[in-house]
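J.: This is the structure I want to talk about, given as structure tokens.
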Amino acid sequence: MVLEEMRRLRRRVVVTGWGAITPLGLTVEDTWSAMLAGRSGIRRIEAFDVADLNTQIGGEVRGFDPDLYVPHKVSRRMDTYALYAMGAATQAMECAKLTLDDELAPRAGVLVGSGYGPVNYNHRVADTLRDKGPRSVSPFAQIAGAIDNAAGEISMQFGARGPSRAQSTACATGTDSLGEAARWIQFGFADVVIAGGADNCLTRGDFAGSGNARALSTQNDSPELASRPFDEGRDGFVMSAGAGVMVLEEASHAAARGVPILAEVIGYGSTSDAYHWTAPHPEGAGAKSAMRAALADAGVDASTVDYINAHGTSTPIGDEREVHSIREVLGDHALEIPVSSTKSMTGHMIGAGGAVEAIVSCLAMRDGVAPPTINCDQPLDPEMNFVAGSAQEHDISVAMSNSFGFGGHNAVLVLRKWPS
């Protein structure tokens, strides 16, 4: 009864802008076009020496120019994860045709998270301290080296004077950021929120650690084939970098501005496994409860879901548990709808993954097409439609986007197509 009353009273949240920086492209539309073509963004790593690493492949962002988004005097003090976030946020604000004036600025928030944060910057600080001594360390080190740097830079860039913060829930970060931002708007704490996630943890240290944990694919000779969610031959995920940011807005506020509404955020669920740092719960308990919570929050039945953008990282255990969870929650309906993993093309962008995948879910509704799961040659569940190999036309009015992270973090969004 309490949830029903809250749902009745709360305000509607819509998407009015989006931006993305990914291994597939430097904009939302470029990324989407590459996905529909079934293109992989996975290559041999070029940013650092990988010769002695077990995993030598990843999803690097190529051709990104920070000068398009921030002055050089600002960009030189920022980690690449924050620069990607700034690029995606700028694109999202331009897409939303939004300027924060003195009246709106106090009602505009920023919630941009990261799984790993500014790891490249902090590694450089450690190297500088070791090689050149303490006087050579930048006075901005404690600012640029913090996980809230992207959120802070974005709030200053656009003049957002409402709540501004970062959060970190590993691979669920982007989805959690969008879900929590939607709640700010639903319950009146903000009218507009710039929300999403960003990461660039492509470093020798992170590759070594994740490799030693046997979490990463080692298909170094065929990078484009390495990320293979829901395929019997999967051997681990492919680590990638990127950013995804949405402008979320209270529906009547967006309508008053007369801007196109791209989709509606209708449900969000977040849970914890409380089980293991890297392995999902054996029965997928947290994943199932997050999906059910998101559906309950949306006030819709599982049978109304037309498409699922799965977490689908390409790990042996994780993919199997997600399939089990989807079938438990949706029942026979899980066999009637497309369920795809776009990580097969982008790799796993960690904190950015859920945000980019929420954008992809909105695009799937907009264009009536489910993006493919490439490299899914031997589906682990032959009864399910993993959209193997190529995109499929499909009428999509309600989409679910799943994110399940290390540490047992689970986050799910339910999105709805906005009537034309």
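To be explicit about the labels: the chains of the structure tokens are called A, B, and onward in the order shown, and within each one the residues are counted from 1, while ligands get numbers from 1 in the order they are shown.
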Per residue of range 19-104 of chain A within 12 Å of range 233-236 of chain A, record the nearest atom pair and its distance in Å to one decimal, counting only C-alpha atoms, with rows in chain order and ascending residue number, as a tab-separated table.
T.:
residue	atom	partner	partner_atom	distance
A:Thr55	CA	A:Gly236	CA	10.2
A:Ile57	CA	A:Gly236	CA	11.9
A:Gly58	CA	A:Gly236	CA	11.9
J.: Keeping C-alpha atoms for every residue in the selection just given, could you write it to a file as a tab-separated table (two decimals), in the first residue's frame?
T.:
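Output saved as part-v4.tsv:
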chain	number	residue	atom	x	y	z
A	55	THR	CA	44.96	-10.60	-21.44
A	57	ILE	CA	42.84	-6.99	-25.59
A	58	GLY	CA	40.23	-4.45	-24.58
J.: Would you mind writing down, as a PyMOL selection string, each residue of range 247-368 of chain A that DSSP on the backbone assigns to strand (DSSP E or B)?
T.: chain A and resi 247-250+263-272+307-309+338-340+348
J.: Name the residues in contact with Trp32 in chain A at a cut-off of 12 Å, using only C-alpha atoms, excluding same-chain residues fewer than 3 positions from it; report them as a PDB file with C-alpha atoms, in the first residue's frame.
T.:
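Contents of out_22.pdb, freshly written:
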ATOM      1  CA  GLY A  19      25.529  11.360 -24.866  1.00  0.00           C
ATOM      2  CA  ALA A  20      28.011   8.510 -25.180  1.00  0.00           C
ATOM      3  CA  ILE A  21      31.718   7.915 -25.654  1.00  0.00           C
ATOM      4  CA  THR A  22      32.407   4.230 -26.371  1.00  0.00           C
ATOM      5  CA  PRO A  23      34.819   1.879 -28.138  1.00  0.00           C
ATOM      6  CA  LEU A  24      32.294   1.842 -31.001  1.00  0.00           C
ATOM      7  CA  GLY A  25      31.967   5.576 -31.505  1.00  0.00           C
ATOM      8  CA  LEU A  26      32.266   9.046 -30.040  1.00  0.00           C
ATOM      9  CA  THR A  27      28.531   9.818 -30.077  1.00  0.00           C
ATOM     10  CA  VAL A  28      25.281   8.025 -29.323  1.00  0.00           C
ATOM     11  CA  GLU A  29      24.283   7.696 -32.963  1.00  0.00           C
ATOM     12  CA  MET A  35      25.808  -1.905 -32.911  1.00  0.00           C
ATOM     13  CA  LEU A  36      23.126  -2.398 -35.529  1.00  0.00           C
ATOM     14  CA  ALA A  37      25.874  -3.386 -37.974  1.00  0.00           C
ATOM     15  CA  GLY A  38      27.180  -5.958 -35.472  1.00  0.00           C
ATOM     16  CA  ARG A  39      30.598  -4.312 -35.285  1.00  0.00           C
ATOM     17  CA  SER A  40      33.069  -5.060 -32.495  1.00  0.00           C
ATOM     18  CA  THR A 342      25.597  -5.233 -26.409  1.00  0.00           C
ATOM     19  CA  MET A 345      30.418  -5.326 -29.167  1.00  0.00           C
ATOM     20  CA  THR A 346      31.476  -2.689 -26.620  1.00  0.00           C
ATOM     21  CA  VAL A 356      25.166   3.326 -22.188  1.00  0.00           C
ATOM     22  CA  GLU A 357      22.914   0.262 -22.169  1.00  0.00           C
ATOM     23  CA  ILE A 359      20.500   4.662 -23.797  1.00  0.00           C
ATOM     24  CA  VAL A 360      20.637   1.659 -26.134  1.00  0.00           C
ATOM     25  CA  SER A 361      17.362   0.385 -24.668  1.00  0.00           C
ATOM     26  CA  CYS A 362      15.743   3.731 -25.461  1.00  0.00           C
ATOM     27  CA  LEU A 363      17.109   3.611 -29.005  1.00  0.00           C
ATOM     28  CA  ALA A 364      15.716   0.099 -29.418  1.00  0.00           C
ATOM     29  CA  ARG A 366      12.705   4.479 -30.773  1.00  0.00           C
ATOM     30  CA  ASP A 367      13.700   2.486 -33.856  1.00  0.00           C
ATOM     31  CA  VAL A 369      14.891  -2.901 -33.427  1.00  0.00           C
ATOM     32  CA  ALA A 370      16.749  -5.122 -30.952  1.00  0.00           C
ATOM     33  CA  PRO A 371      20.544  -4.844 -31.254  1.00  0.00           C
ATOM     34  CA  PRO A 372      22.413  -8.112 -31.678  1.00  0.00           C
ATOM     35  CA  ALA A 391      19.751  -7.082 -35.259  1.00  0.00           C
TER      36      ALA A 391
END
J.: Closest to Asn200 in chain A among A:Glu4, A:Asp381, A:Asp148, A:Glu60, using only C-alpha atoms?
T.: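 Selected residue with least distance to Asn200 in chain A: A:Glu60.
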J.: Do you know which residues are at most 8 Å from Ala198 in chain A counting only C-alpha atoms, after dropping those on the same chain fewer than 2 positions away, and could you put them as a list of chain:residue names?
T.: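 Contacts, with the query itself left out: A:Tyr81, A:Ala82, A:Tyr84, A:Ala85, A:Val112, A:Gly113, A:Ser114, A:Gly115, A:Gly117, A:Gly174, A:Gly196, A:Asn200, A:Ala241, A:Gly242, A:Ala243, A:Gly244, A:Met349, A:Ile350, A:Gly351, A:Ala352.
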J.: Write out, as a JSON list (two decimals), in the first residue's frame, the residues just selected, with C-alpha atoms.
T.:
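Output file result-v2.json follows:
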[["chain", "number", "residue", "atom", "x", "y", "z"],
["A", 81, "TYR", "CA", 37.36, 8.81, -17.20],
["A", 82, "ALA", "CA", 36.26, 12.34, -16.23],
["A", 84, "TYR", "CA", 34.81, 10.94, -21.23],
["A", 85, "ALA", "CA", 32.08, 11.85, -18.74],
["A", 112, "VAL", "CA", 27.69, 10.73, -12.36],
["A", 113, "GLY", "CA", 29.39, 7.67, -10.90],
["A", 114, "SER", "CA", 32.31, 5.40, -11.69],
["A", 115, "GLY", "CA", 33.36, 1.90, -10.81],
["A", 117, "GLY", "CA", 37.35, 6.39, -10.94],
["A", 174, "GLY", "CA", 25.63, 3.65, -14.38],
["A", 196, "GLY", "CA", 25.22, 8.45, -15.81],
["A", 200, "ASN", "CA", 38.67, 4.03, -17.91],
["A", 241, "ALA", "CA", 36.40, 2.30, -21.32],
["A", 242, "GLY", "CA", 33.68, 4.83, -22.00],
["A", 243, "ALA", "CA", 30.91, 7.04, -20.68],
["A", 244, "GLY", "CA", 27.15, 7.35, -20.93],
["A", 349, "MET", "CA", 32.69, -0.45, -19.74],
["A", 350, "ILE", "CA", 32.22, -1.08, -15.99],
["A", 351, "GLY", "CA", 30.60, 2.03, -14.46],
["A", 352, "ALA", "CA", 29.65, 3.35, -17.89]]
J.: Applying 8 Å and only C-alpha atoms, which residues near range 153-159 of chain A remain after dropping the ones on its own chain fewer than 3 positions away? List them as a ChimeraX atom specification.
T.: /A:86,89,99-100,105,109-110,149-150,164
J.: Please report the interatomic distance between CA of Pro260 in chain A and CA of Pro419 in chain A in Å with one decimal.
T.: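 CA of Pro260 in chain A sits 10.7 Å away from CA of Pro419 in chain A.
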J.: Apply DSSP to the backbone of this structure and, from range 69-124 of chain A, keep only the residues in alpha helix (DSSP H); write these as a VMD selection string.
T.: chain A and resid 72 to 75 80 to 96 119 to 124
J.: Write out as a Markdown table a residue-level contact list of range 258-344 of chain A versus range 217-220 of chain A with cut-off 12 Å: for each qualifying residue the closest pair of atoms and the distance in Å to one decimal, counting only C-alpha atoms, rows sorted by chain and residue number upward.
T.:
| residue | atom | partner | partner_atom | distance |
| --- | --- | --- | --- | --- |
| A:Thr313 | CA | A:Ser217 | CA | 10.4 |
| A:Ser314 | CA | A:Ser217 | CA | 8.4 |
| A:Thr315 | CA | A:Ser217 | CA | 8.3 |
| A:Pro316 | CA | A:Ser217 | CA | 10.5 |
| A:Ser344 | CA | A:Ser217 | CA | 12.0 |
J.: Write a file of the just-selected residues containing N, CA and C atoms, as a short mmCIF file (atom, residue, chain, number, x, y, z; two decimals), in the first residue's frame.
T.:
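The resulting file, again.cif, is reproduced below:
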data_model
loop_
_atom_site.label_atom_id
_atom_site.label_comp_id
_atom_site.auth_asym_id
_atom_site.auth_seq_id
_atom_site.Cartn_x
_atom_site.Cartn_y
_atom_site.Cartn_z
N THR A 313 27.98 -10.36 -19.50
CA THR A 313 29.37 -9.91 -19.62
C THR A 313 30.27 -10.89 -20.37
N SER A 314 29.81 -12.13 -20.56
CA SER A 314 30.60 -13.18 -21.22
C SER A 314 31.41 -14.00 -20.23
N THR A 315 31.02 -13.98 -18.95
CA THR A 315 31.67 -14.85 -17.97
C THR A 315 30.89 -16.15 -17.86
N PRO A 316 31.58 -17.27 -17.62
CA PRO A 316 30.89 -18.56 -17.58
C PRO A 316 29.77 -18.62 -16.54
N SER A 344 28.79 -7.60 -26.11
CA SER A 344 29.46 -8.42 -27.12
C SER A 344 30.21 -7.53 -28.12
#
J.: Taking only C-alpha atoms into account, which of A:Thr16, A:Gly63, A:Ala294, A:Asp273 comes nearest Ala255 in chain A?
T.: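 When distances to Ala255 in chain A are compared using only C-alpha atoms, the smallest one comes from A:Thr16.
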J.: Can you measure CA of Leu330 in chain A to CA of Ala181 in chain A for me? One decimal in Å is fine.
T.: 26.6 Å
